[in-house]
Amino acid sequence: MLILQMALLTVLVLSTSVSMALATSSPKQSNLQKQPSSKTFSQPQKNEPQKNGIVRFHAWGGSAQVNGYLQWVATQVRQRFNIELQHVKLADTSDAVSRVLAEKAAGNHDNGSVDLIWINGENFAAMKKHQLLSSDWVAELENFALTNPAANPAMTTDFGEPTQGMEAPWGKASMVFYYRSVHMASLGITAPKNIHELLRFSEKASGRFTYPVPNDYLGISFIKYAAIALNGDKQTLFYQPVTDKALKTVLPALWAFLDALHPTMWQEGGYMLRQASQLQRLVGTGELTLAFSFTASEIPSAVTRFDLPEDVRTYAMQDGSLANVHFVGLTYNSSNKAAAKTVVNFLLSPEAQAKKQALAVWGDDTVLDLTQLSKAQQALFDDENTHPSALDKSKSTVLFAEPHASWTDALREAWYQRYGARY
């Protein structure tokens, strides 16, 4: 009885400490090729009518674009491989993490209710710590080689944690800024191109910029971007587990910047937004001139829906954009690992990656190295339907990798100790 109580207590602790790590931007049928280009792990034999099993993919369900794309994936794997893919929609990724942990505590090691899970950051760190994921399976996927992992360590590192083959890269995103060009012209100023220009912009255009509190994913992302950009000679500290010494080393530059920025922000920084979605609303109503997102594709999509005005333009900061890769993990107690691997291999196929990157579908950047693809495969990624408000991807962007996962809570807690609740 005591062992069971301790196991349940572990589940409760984890479910309150693990936070969701992700989000992003209706699907239309494309003219992409119909034939798969990859090896599979549970491909049915000819004239074999039975299902290859059900694969339950636990993934955030808060985006119509993401949900629509996964419906397309489900159709494809059913037609190609006779696999039934079920998208289990989550409000918080930690719910699925807690479920797997509870099953392990109950001794269910072979028939888990979660097969695949969309994760990164803190959720991955928690699953890795509690040994909730299968390991060393990603290299089996033929299409994983197309990410060129030897030359791209981001494919095998998640918020500073080596993935050890526990999760396969699925997509990537980076912080972008967007602004009202009509406002900029009327103010006689240009969009800031680095963290220092951002402060000068906010001083000149008082009340026209803000960021959410760091309990919000986008809010803590802004804090991490600022901390890295302001500590150019100390950036290596962010890619190791946080220590008190390292934190005290980088905080002075961050506090000096935020102390100066807050009085110039919307509501003079005394009241701040609790959710990232409110940023877009304030830009739409004209209260803000400048805002930011972790999903570049959501800006042109919002303009198309008339949620944002047509004069909105998107760009990346020149000093660096915080960026991360999101992954798909395979649980240690999945009862249908072969079919699950087939699904992930398809997710990494050029066809599925190109479909996902299309602005009209999702707009999530591919993890494939296009130099590893054939000319025909590269052509799948040509998107002629450019939008005036979309990010110009022909321009190179400096990327800041996400800090080690331990920095998230440390920076958040330090922020609240200094500034307190502001909502």
# chains A, B, ... in the order shown; residues from 1 in each chain; ligands from 1
call {"tool": "closest_atom_pairs", "arguments": {"of": "stretch 114-186 of chain A", "to": "stretch 73-97 of chain A", "cutoff": "10 Å", "atoms": "only C-alpha atoms", "output": "Markdown table"}}
result
| residue | atom | partner | partner_atom | distance |
| --- | --- | --- | --- | --- |
| A:Val114 | CA | A:Ala96 | CA | 7.3 |
| A:Asp115 | CA | A:Gln86 | CA | 9.9 |
| A:Leu116 | CA | A:His87 | CA | 9.6 |
| A:Ile117 | CA | A:Ala96 | CA | 7.6 |
| A:Trp118 | CA | A:Thr93 | CA | 7.6 |
| A:Ile119 | CA | A:Thr93 | CA | 7.1 |
| A:Asn120 | CA | A:Thr93 | CA | 9.5 |
| A:Glu122 | CA | A:Ser94 | CA | 9.3 |
| A:Asn123 | CA | A:Ser94 | CA | 6.5 |
| A:Phe124 | CA | A:Val97 | CA | 8.9 |
| A:Ala126 | CA | A:Val97 | CA | 8.0 |
| A:Met127 | CA | A:Val97 | CA | 6.8 |
| A:His130 | CA | A:Val97 | CA | 10.0 |
| A:Leu132 | CA | A:Val97 | CA | 8.2 |
call {"tool": "write_last_selection", "arguments": {"atoms": "C-alpha atoms", "output": "mmCIF file, in the first residue's frame"}}
result
data_model
loop_
_atom_site.group_PDB
_atom_site.id
_atom_site.type_symbol
_atom_site.label_atom_id
_atom_site.label_comp_id
_atom_site.auth_asym_id
_atom_site.auth_seq_id
_atom_site.Cartn_x
_atom_site.Cartn_y
_atom_site.Cartn_z
ATOM 1 C CA VAL A 114 -0.074 6.211 -25.383
ATOM 2 C CA ASP A 115 1.970 5.153 -28.412
ATOM 3 C CA LEU A 116 3.351 8.408 -29.802
ATOM 4 C CA ILE A 117 3.559 11.759 -28.066
ATOM 5 C CA TRP A 118 4.384 15.228 -29.417
ATOM 6 C CA ILE A 119 6.932 16.654 -27.007
ATOM 7 C CA ASN A 120 10.003 18.759 -26.411
ATOM 8 C CA GLU A 122 10.610 20.090 -20.108
ATOM 9 C CA ASN A 123 8.205 17.293 -21.023
ATOM 10 C CA PHE A 124 10.974 15.390 -22.783
ATOM 11 C CA ALA A 126 10.718 14.519 -17.490
ATOM 12 C CA MET A 127 10.032 11.450 -19.651
ATOM 13 C CA HIS A 130 11.585 8.567 -15.551
ATOM 14 C CA LEU A 132 9.118 6.539 -20.120
#
call {"tool": "select_by_dssp", "arguments": {"residues": "stretch 139-269 of chain A", "states": "helix (DSSP H, G or I)", "output": "MDAnalysis selection string"}}
result
chainID A and resid 139:140 142:147 153:156 181:187 195:204 217:230 232:239 244:264 266:269
call {"tool": "write_last_selection", "arguments": {"atoms": "C-alpha atoms", "output": "PDB file, in the first residue's frame"}}
result
ATOM      1  CA  ALA A 139      18.193   5.615 -36.339  1.00  0.00           C
ATOM      2  CA  GLU A 140      16.095   2.721 -37.700  1.00  0.00           C
ATOM      3  CA  GLU A 142      15.184   5.532 -43.207  1.00  0.00           C
ATOM      4  CA  ASN A 143      13.939   9.104 -43.514  1.00  0.00           C
ATOM      5  CA  PHE A 144      15.772  10.248 -40.384  1.00  0.00           C
ATOM      6  CA  ALA A 145      18.970  10.325 -42.463  1.00  0.00           C
ATOM      7  CA  LEU A 146      17.373  13.118 -44.520  1.00  0.00           C
ATOM      8  CA  THR A 147      17.697  15.439 -41.502  1.00  0.00           C
ATOM      9  CA  PRO A 153      23.061  18.571 -33.821  1.00  0.00           C
ATOM     10  CA  ALA A 154      19.655  20.207 -33.283  1.00  0.00           C
ATOM     11  CA  MET A 155      18.153  16.959 -34.613  1.00  0.00           C
ATOM     12  CA  THR A 156      19.551  15.022 -31.658  1.00  0.00           C
ATOM     13  CA  SER A 181       3.774  49.240 -41.247  1.00  0.00           C
ATOM     14  CA  VAL A 182       1.207  52.083 -41.344  1.00  0.00           C
ATOM     15  CA  HIS A 183       1.972  52.851 -37.683  1.00  0.00           C
ATOM     16  CA  MET A 184       5.710  52.804 -38.306  1.00  0.00           C
ATOM     17  CA  ALA A 185       5.344  55.273 -41.175  1.00  0.00           C
ATOM     18  CA  SER A 186       3.164  57.624 -39.131  1.00  0.00           C
ATOM     19  CA  LEU A 187       5.649  57.502 -36.242  1.00  0.00           C
ATOM     20  CA  ILE A 195      17.401  43.782 -28.655  1.00  0.00           C
ATOM     21  CA  HIS A 196      18.976  47.210 -28.127  1.00  0.00           C
ATOM     22  CA  GLU A 197      16.936  48.809 -30.915  1.00  0.00           C
ATOM     23  CA  LEU A 198      13.832  47.255 -29.363  1.00  0.00           C
ATOM     24  CA  LEU A 199      14.341  49.337 -26.220  1.00  0.00           C
ATOM     25  CA  ARG A 200      14.878  52.509 -28.255  1.00  0.00           C
ATOM     26  CA  PHE A 201      11.750  51.750 -30.283  1.00  0.00           C
ATOM     27  CA  SER A 202       9.658  51.300 -27.149  1.00  0.00           C
ATOM     28  CA  GLU A 203      10.986  54.565 -25.731  1.00  0.00           C
ATOM     29  CA  LYS A 204      10.022  56.449 -28.908  1.00  0.00           C
ATOM     30  CA  TYR A 217       5.110  30.026 -23.280  1.00  0.00           C
ATOM     31  CA  LEU A 218       5.673  33.069 -25.480  1.00  0.00           C
ATOM     32  CA  GLY A 219       6.404  35.221 -22.440  1.00  0.00           C
ATOM     33  CA  ILE A 220       9.217  33.021 -21.156  1.00  0.00           C
ATOM     34  CA  SER A 221      10.493  32.698 -24.737  1.00  0.00           C
ATOM     35  CA  PHE A 222      10.923  36.475 -24.875  1.00  0.00           C
ATOM     36  CA  ILE A 223      12.829  36.410 -21.575  1.00  0.00           C
ATOM     37  CA  LYS A 224      15.145  33.692 -22.900  1.00  0.00           C
ATOM     38  CA  TYR A 225      15.736  35.571 -26.157  1.00  0.00           C
ATOM     39  CA  ALA A 226      16.569  38.770 -24.280  1.00  0.00           C
ATOM     40  CA  ALA A 227      18.859  36.988 -21.803  1.00  0.00           C
ATOM     41  CA  ILE A 228      20.848  35.286 -24.568  1.00  0.00           C
ATOM     42  CA  ALA A 229      21.042  38.355 -26.820  1.00  0.00           C
ATOM     43  CA  LEU A 230      22.182  40.585 -23.945  1.00  0.00           C
ATOM     44  CA  GLY A 232      26.798  37.672 -26.054  1.00  0.00           C
ATOM     45  CA  ASP A 233      30.075  36.725 -24.372  1.00  0.00           C
ATOM     46  CA  LYS A 234      28.396  34.343 -21.914  1.00  0.00           C
ATOM     47  CA  GLN A 235      26.024  32.438 -24.178  1.00  0.00           C
ATOM     48  CA  THR A 236      27.669  29.073 -23.578  1.00  0.00           C
ATOM     49  CA  LEU A 237      26.312  29.158 -20.019  1.00  0.00           C
ATOM     50  CA  PHE A 238      22.768  28.744 -21.315  1.00  0.00           C
ATOM     51  CA  TYR A 239      23.529  25.372 -22.868  1.00  0.00           C
ATOM     52  CA  ASP A 244      23.271  29.722  -9.088  1.00  0.00           C
ATOM     53  CA  LYS A 245      26.578  31.128 -10.273  1.00  0.00           C
ATOM     54  CA  ALA A 246      25.580  31.047 -13.939  1.00  0.00           C
ATOM     55  CA  LEU A 247      22.214  32.627 -13.183  1.00  0.00           C
ATOM     56  CA  LYS A 248      23.803  35.461 -11.213  1.00  0.00           C
ATOM     57  CA  THR A 249      26.235  36.004 -14.071  1.00  0.00           C
ATOM     58  CA  VAL A 250      23.588  36.610 -16.763  1.00  0.00           C
ATOM     59  CA  LEU A 251      20.823  38.324 -14.770  1.00  0.00           C
ATOM     60  CA  PRO A 252      22.373  41.825 -14.369  1.00  0.00           C
ATOM     61  CA  ALA A 253      22.207  42.569 -18.102  1.00  0.00           C
ATOM     62  CA  LEU A 254      18.662  41.202 -18.305  1.00  0.00           C
ATOM     63  CA  TRP A 255      17.420  43.222 -15.307  1.00  0.00           C
ATOM     64  CA  ALA A 256      18.990  46.427 -16.620  1.00  0.00           C
ATOM     65  CA  PHE A 257      17.193  45.947 -19.934  1.00  0.00           C
ATOM     66  CA  LEU A 258      13.795  45.017 -18.460  1.00  0.00           C
ATOM     67  CA  ASP A 259      13.932  47.763 -15.810  1.00  0.00           C
ATOM     68  CA  ALA A 260      14.293  50.279 -18.643  1.00  0.00           C
ATOM     69  CA  LEU A 261      11.784  48.561 -20.958  1.00  0.00           C
ATOM     70  CA  HIS A 262       8.822  48.017 -18.613  1.00  0.00           C
ATOM     71  CA  PRO A 263       7.862  51.692 -18.045  1.00  0.00           C
ATOM     72  CA  THR A 264       7.739  52.235 -21.829  1.00  0.00           C
ATOM     73  CA  TRP A 266       1.688  49.002 -22.928  1.00  0.00           C
ATOM     74  CA  GLN A 267      -0.010  49.910 -19.625  1.00  0.00           C
ATOM     75  CA  GLU A 268       3.465  51.116 -18.524  1.00  0.00           C
ATOM     76  CA  GLY A 269       4.321  47.506 -17.767  1.00  0.00           C
TER      77      GLY A 269
END
call {"tool": "residues_around", "arguments": {"residues": "A:Asn148", "least_positions_apart": "3", "cutoff": "8 Å", "atoms": "only C-alpha atoms", "output": "VMD selection string"}}
result
chain A and resid 144 to 145 151 to 152 368 to 369 372
call {"tool": "closest_atom_pairs", "arguments": {"of": "stretch 310-407 of chain A", "to": "stretch 292-296 of chain A", "cutoff": "12 Å", "atoms": "only C-alpha atoms", "output": "Markdown table"}}
result
| residue | atom | partner | partner_atom | distance |
| --- | --- | --- | --- | --- |
| A:Val312 | CA | A:Phe292 | CA | 11.6 |
| A:Arg313 | CA | A:Ala296 | CA | 10.5 |
| A:Thr314 | CA | A:Ala296 | CA | 7.5 |
| A:Tyr315 | CA | A:Ala296 | CA | 8.6 |
| A:Ala316 | CA | A:Ala296 | CA | 9.4 |
| A:Met317 | CA | A:Phe292 | CA | 10.3 |
| A:Ser321 | CA | A:Phe294 | CA | 9.5 |
| A:Leu322 | CA | A:Phe294 | CA | 8.5 |
| A:Ala323 | CA | A:Phe294 | CA | 8.2 |
| A:Asn324 | CA | A:Phe294 | CA | 9.5 |
| A:Val325 | CA | A:Phe294 | CA | 11.6 |
| A:Gln357 | CA | A:Ala296 | CA | 11.0 |
| A:Ala358 | CA | A:Ala296 | CA | 11.8 |
| A:Leu359 | CA | A:Ala296 | CA | 9.4 |
| A:Trp362 | CA | A:Thr295 | CA | 9.6 |
| A:Gly363 | CA | A:Ala296 | CA | 7.6 |
| A:Asp364 | CA | A:Thr295 | CA | 7.6 |
| A:Asp365 | CA | A:Ala296 | CA | 9.3 |
| A:His387 | CA | A:Ala296 | CA | 11.6 |
| A:Ser389 | CA | A:Ala296 | CA | 9.6 |
| A:Ala390 | CA | A:Ala296 | CA | 7.1 |
| A:Leu391 | CA | A:Ala296 | CA | 6.4 |
| A:Asp392 | CA | A:Ala296 | CA | 9.9 |
| A:Lys393 | CA | A:Ala296 | CA | 10.1 |
call {"tool": "write_last_selection", "arguments": {"atoms": "N, CA and C atoms", "output": "mmCIF file, in the first residue's frame"}}
result
data_model
loop_
_atom_site.group_PDB
_atom_site.id
_atom_site.type_symbol
_atom_site.label_atom_id
_atom_site.label_comp_id
_atom_site.auth_asym_id
_atom_site.auth_seq_id
_atom_site.Cartn_x
_atom_site.Cartn_y
_atom_site.Cartn_z
ATOM 1 N N VAL A 312 0.305 44.520 -41.923
ATOM 2 C CA VAL A 312 1.212 43.802 -41.021
ATOM 3 C C VAL A 312 2.326 43.144 -41.833
ATOM 4 N N ARG A 313 3.553 43.243 -41.311
ATOM 5 C CA ARG A 313 4.714 42.613 -41.935
ATOM 6 C C ARG A 313 5.487 41.832 -40.874
ATOM 7 N N THR A 314 6.103 40.731 -41.299
ATOM 8 C CA THR A 314 6.818 39.827 -40.397
ATOM 9 C C THR A 314 8.305 39.826 -40.716
ATOM 10 N N TYR A 315 9.141 39.751 -39.683
ATOM 11 C CA TYR A 315 10.588 39.711 -39.897
ATOM 12 C C TYR A 315 11.264 39.031 -38.708
ATOM 13 N N ALA A 316 12.544 38.757 -38.851
ATOM 14 C CA ALA A 316 13.340 38.151 -37.781
ATOM 15 C C ALA A 316 14.389 39.145 -37.303
ATOM 16 N N MET A 317 14.655 39.154 -36.008
ATOM 17 C CA MET A 317 15.692 40.009 -35.454
ATOM 18 C C MET A 317 17.062 39.602 -35.999
ATOM 19 N N SER A 321 17.323 34.762 -33.474
ATOM 20 C CA SER A 321 15.953 34.333 -33.189
ATOM 21 C C SER A 321 15.997 33.065 -32.350
ATOM 22 N N LEU A 322 15.320 33.083 -31.224
ATOM 23 C CA LEU A 322 15.222 31.874 -30.411
ATOM 24 C C LEU A 322 14.520 30.803 -31.240
ATOM 25 N N ALA A 323 15.084 29.626 -31.293
ATOM 26 C CA ALA A 323 14.545 28.574 -32.156
ATOM 27 C C ALA A 323 14.583 27.236 -31.433
ATOM 28 N N ASN A 324 13.652 26.389 -31.780
ATOM 29 C CA ASN A 324 13.692 25.036 -31.239
ATOM 30 C C ASN A 324 13.116 24.047 -32.228
ATOM 31 N N VAL A 325 13.427 22.800 -31.997
ATOM 32 C CA VAL A 325 12.902 21.685 -32.779
ATOM 33 C C VAL A 325 11.901 20.954 -31.898
ATOM 34 N N GLN A 357 4.761 22.080 -44.209
ATOM 35 C CA GLN A 357 5.373 23.401 -44.297
ATOM 36 C C GLN A 357 4.523 24.386 -45.101
ATOM 37 N N ALA A 358 3.627 23.916 -45.940
ATOM 38 C CA ALA A 358 2.811 24.804 -46.759
ATOM 39 C C ALA A 358 2.010 25.756 -45.883
ATOM 40 N N LEU A 359 2.036 27.050 -46.205
ATOM 41 C CA LEU A 359 1.337 28.049 -45.404
ATOM 42 C C LEU A 359 -0.152 27.758 -45.301
ATOM 43 N N TRP A 362 -0.180 24.268 -42.558
ATOM 44 C CA TRP A 362 0.279 24.502 -41.189
ATOM 45 C C TRP A 362 1.344 25.590 -41.157
ATOM 46 N N GLY A 363 2.334 25.488 -42.056
ATOM 47 C CA GLY A 363 3.415 26.465 -42.067
ATOM 48 C C GLY A 363 4.545 26.125 -41.125
ATOM 49 N N ASP A 364 4.591 24.877 -40.660
ATOM 50 C CA ASP A 364 5.641 24.433 -39.738
ATOM 51 C C ASP A 364 6.886 24.057 -40.529
ATOM 52 N N ASP A 365 8.020 24.656 -40.206
ATOM 53 C CA ASP A 365 9.239 24.457 -40.997
ATOM 54 C C ASP A 365 9.724 23.010 -40.950
ATOM 55 N N HIS A 387 2.821 35.359 -49.400
ATOM 56 C CA HIS A 387 1.878 36.322 -48.843
ATOM 57 C C HIS A 387 2.656 37.561 -48.433
ATOM 58 N N SER A 389 2.430 39.447 -45.984
ATOM 59 C CA SER A 389 2.689 39.510 -44.539
ATOM 60 C C SER A 389 3.564 38.381 -44.037
ATOM 61 N N ALA A 390 3.958 37.468 -44.926
ATOM 62 C CA ALA A 390 4.734 36.309 -44.502
ATOM 63 C C ALA A 390 6.206 36.650 -44.328
ATOM 64 N N LEU A 391 6.881 35.859 -43.524
ATOM 65 C CA LEU A 391 8.320 36.005 -43.334
ATOM 66 C C LEU A 391 9.046 35.677 -44.634
ATOM 67 N N ASP A 392 10.020 36.508 -44.994
ATOM 68 C CA ASP A 392 10.828 36.267 -46.184
ATOM 69 C C ASP A 392 11.889 35.216 -45.846
ATOM 70 N N LYS A 393 11.655 33.972 -46.271
ATOM 71 C CA LYS A 393 12.558 32.887 -45.914
ATOM 72 C C LYS A 393 13.799 32.827 -46.791
#
call {"tool": "closest_residue", "arguments": {"among": "A:Gln318, A:Leu288, A:Val283, A:Met272", "to": "A:Phe400", "atoms": "only C-alpha atoms"}}
result
A:Gln318
call {"tool": "select_by_dssp", "arguments": {"residues": "stretch 311-414 of chain A", "states": "strand (DSSP E or B)", "output": "list in words"}}
result
Val312, Arg313, Thr314, Tyr315, Ser321, Leu322, Ala323, Asn324, Val325, His326, Phe327, Val328, Gly329, Leu330, Thr331, Asp365, Leu399, Phe400 and Ala401 of chain A
call {"tool": "atom_distance", "arguments": {"atom1": "atom CA of A:Asn111", "atom2": "atom CA of A:Ser335"}}
result
4.9 Å
call {"tool": "closest_residue", "arguments": {"among": "A:Thr163, A:Asn333, A:Val328, A:Leu290", "to": "A:Ala105", "atoms": "only C-alpha atoms"}}
result
A:Asn333
call {"tool": "atom_distance", "arguments": {"atom1": "atom CA of A:Gln353", "atom2": "atom CA of A:Lys172"}}
result
11.0 Å
call {"tool": "decode", "arguments": {"residues": "stretch 375-386 of chain A", "atoms": "all heavy atoms", "output": "compact mmCIF listing (two decimals), in the first residue's frame"}}
result
# COMPACT_ATOMS: atom_id res chain seq x y z
N LYS A 375 16.12 16.38 -56.71
CA LYS A 375 15.53 17.59 -57.28
C LYS A 375 14.01 17.52 -57.23
O LYS A 375 13.34 18.52 -56.93
CB LYS A 375 15.99 17.77 -58.73
CG LYS A 375 17.48 18.05 -58.88
CD LYS A 375 17.86 19.40 -58.29
CE LYS A 375 19.33 19.71 -58.55
NZ LYS A 375 19.74 20.99 -57.92
N ALA A 376 13.47 16.36 -57.51
CA ALA A 376 12.01 16.20 -57.48
C ALA A 376 11.47 16.39 -56.06
O ALA A 376 10.42 17.01 -55.86
CB ALA A 376 11.62 14.82 -58.02
N GLN A 377 12.18 15.87 -55.07
CA GLN A 377 11.76 16.04 -53.68
C GLN A 377 11.89 17.49 -53.24
O GLN A 377 11.03 18.02 -52.54
CB GLN A 377 12.57 15.12 -52.78
CG GLN A 377 12.26 13.65 -52.97
CD GLN A 377 13.22 12.75 -52.23
OE1 GLN A 377 14.38 13.11 -51.99
NE2 GLN A 377 12.78 11.56 -51.88
N GLN A 378 12.97 18.16 -53.65
CA GLN A 378 13.13 19.57 -53.31
C GLN A 378 12.01 20.41 -53.89
O GLN A 378 11.56 21.38 -53.27
CB GLN A 378 14.48 20.07 -53.82
CG GLN A 378 15.69 19.50 -53.09
CD GLN A 378 17.00 19.99 -53.69
OE1 GLN A 378 17.05 21.01 -54.35
NE2 GLN A 378 18.08 19.25 -53.45
N ALA A 379 11.54 20.04 -55.07
CA ALA A 379 10.48 20.80 -55.73
C ALA A 379 9.18 20.79 -54.94
O ALA A 379 8.36 21.70 -55.07
CB ALA A 379 10.24 20.25 -57.14
N LEU A 380 9.00 19.77 -54.09
CA LEU A 380 7.80 19.71 -53.27
C LEU A 380 7.71 20.87 -52.30
O LEU A 380 6.62 21.25 -51.86
CB LEU A 380 7.77 18.40 -52.48
CG LEU A 380 7.72 17.09 -53.27
CD1 LEU A 380 7.81 15.90 -52.32
CD2 LEU A 380 6.45 17.01 -54.11
N PHE A 381 8.86 21.47 -51.97
CA PHE A 381 8.89 22.54 -50.97
C PHE A 381 8.75 23.93 -51.59
O PHE A 381 8.75 24.93 -50.87
CB PHE A 381 10.18 22.45 -50.16
CG PHE A 381 10.25 21.24 -49.29
CD1 PHE A 381 10.72 20.03 -49.79
CD2 PHE A 381 9.83 21.28 -47.97
CE1 PHE A 381 10.77 18.90 -49.00
CE2 PHE A 381 9.87 20.15 -47.17
CZ PHE A 381 10.34 18.96 -47.69
N ASP A 382 8.66 24.00 -52.92
CA ASP A 382 8.47 25.30 -53.58
C ASP A 382 7.05 25.76 -53.35
O ASP A 382 6.09 25.08 -53.73
CB ASP A 382 8.74 25.18 -55.09
CG ASP A 382 10.20 24.87 -55.39
OD1 ASP A 382 11.04 25.16 -54.52
OD2 ASP A 382 10.48 24.35 -56.48
N ASP A 383 6.91 26.90 -52.71
CA ASP A 383 5.58 27.45 -52.42
C ASP A 383 5.44 28.77 -53.15
O ASP A 383 6.00 29.79 -52.75
CB ASP A 383 5.40 27.65 -50.91
CG ASP A 383 3.97 28.01 -50.54
OD1 ASP A 383 3.15 28.18 -51.47
OD2 ASP A 383 3.67 28.13 -49.34
N GLU A 384 4.70 28.74 -54.24
CA GLU A 384 4.54 29.94 -55.05
C GLU A 384 3.51 30.90 -54.46
O GLU A 384 3.42 32.06 -54.87
CB GLU A 384 4.13 29.55 -56.48
CG GLU A 384 5.19 28.72 -57.19
CD GLU A 384 4.75 28.32 -58.59
OE1 GLU A 384 3.62 28.66 -58.96
OE2 GLU A 384 5.55 27.68 -59.30
N ASN A 385 2.74 30.42 -53.51
CA ASN A 385 1.69 31.27 -52.93
C ASN A 385 2.23 32.09 -51.77
O ASN A 385 1.88 31.90 -50.61
CB ASN A 385 0.52 30.38 -52.46
CG ASN A 385 -0.12 29.61 -53.59
OD1 ASN A 385 -0.32 30.16 -54.67
ND2 ASN A 385 -0.41 28.35 -53.36
N THR A 386 3.16 32.99 -52.07
CA THR A 386 3.72 33.85 -51.03
C THR A 386 2.70 34.90 -50.61
O THR A 386 1.84 35.28 -51.40
CB THR A 386 5.00 34.53 -51.51
OG1 THR A 386 4.71 35.27 -52.72
CG2 THR A 386 6.08 33.50 -51.81
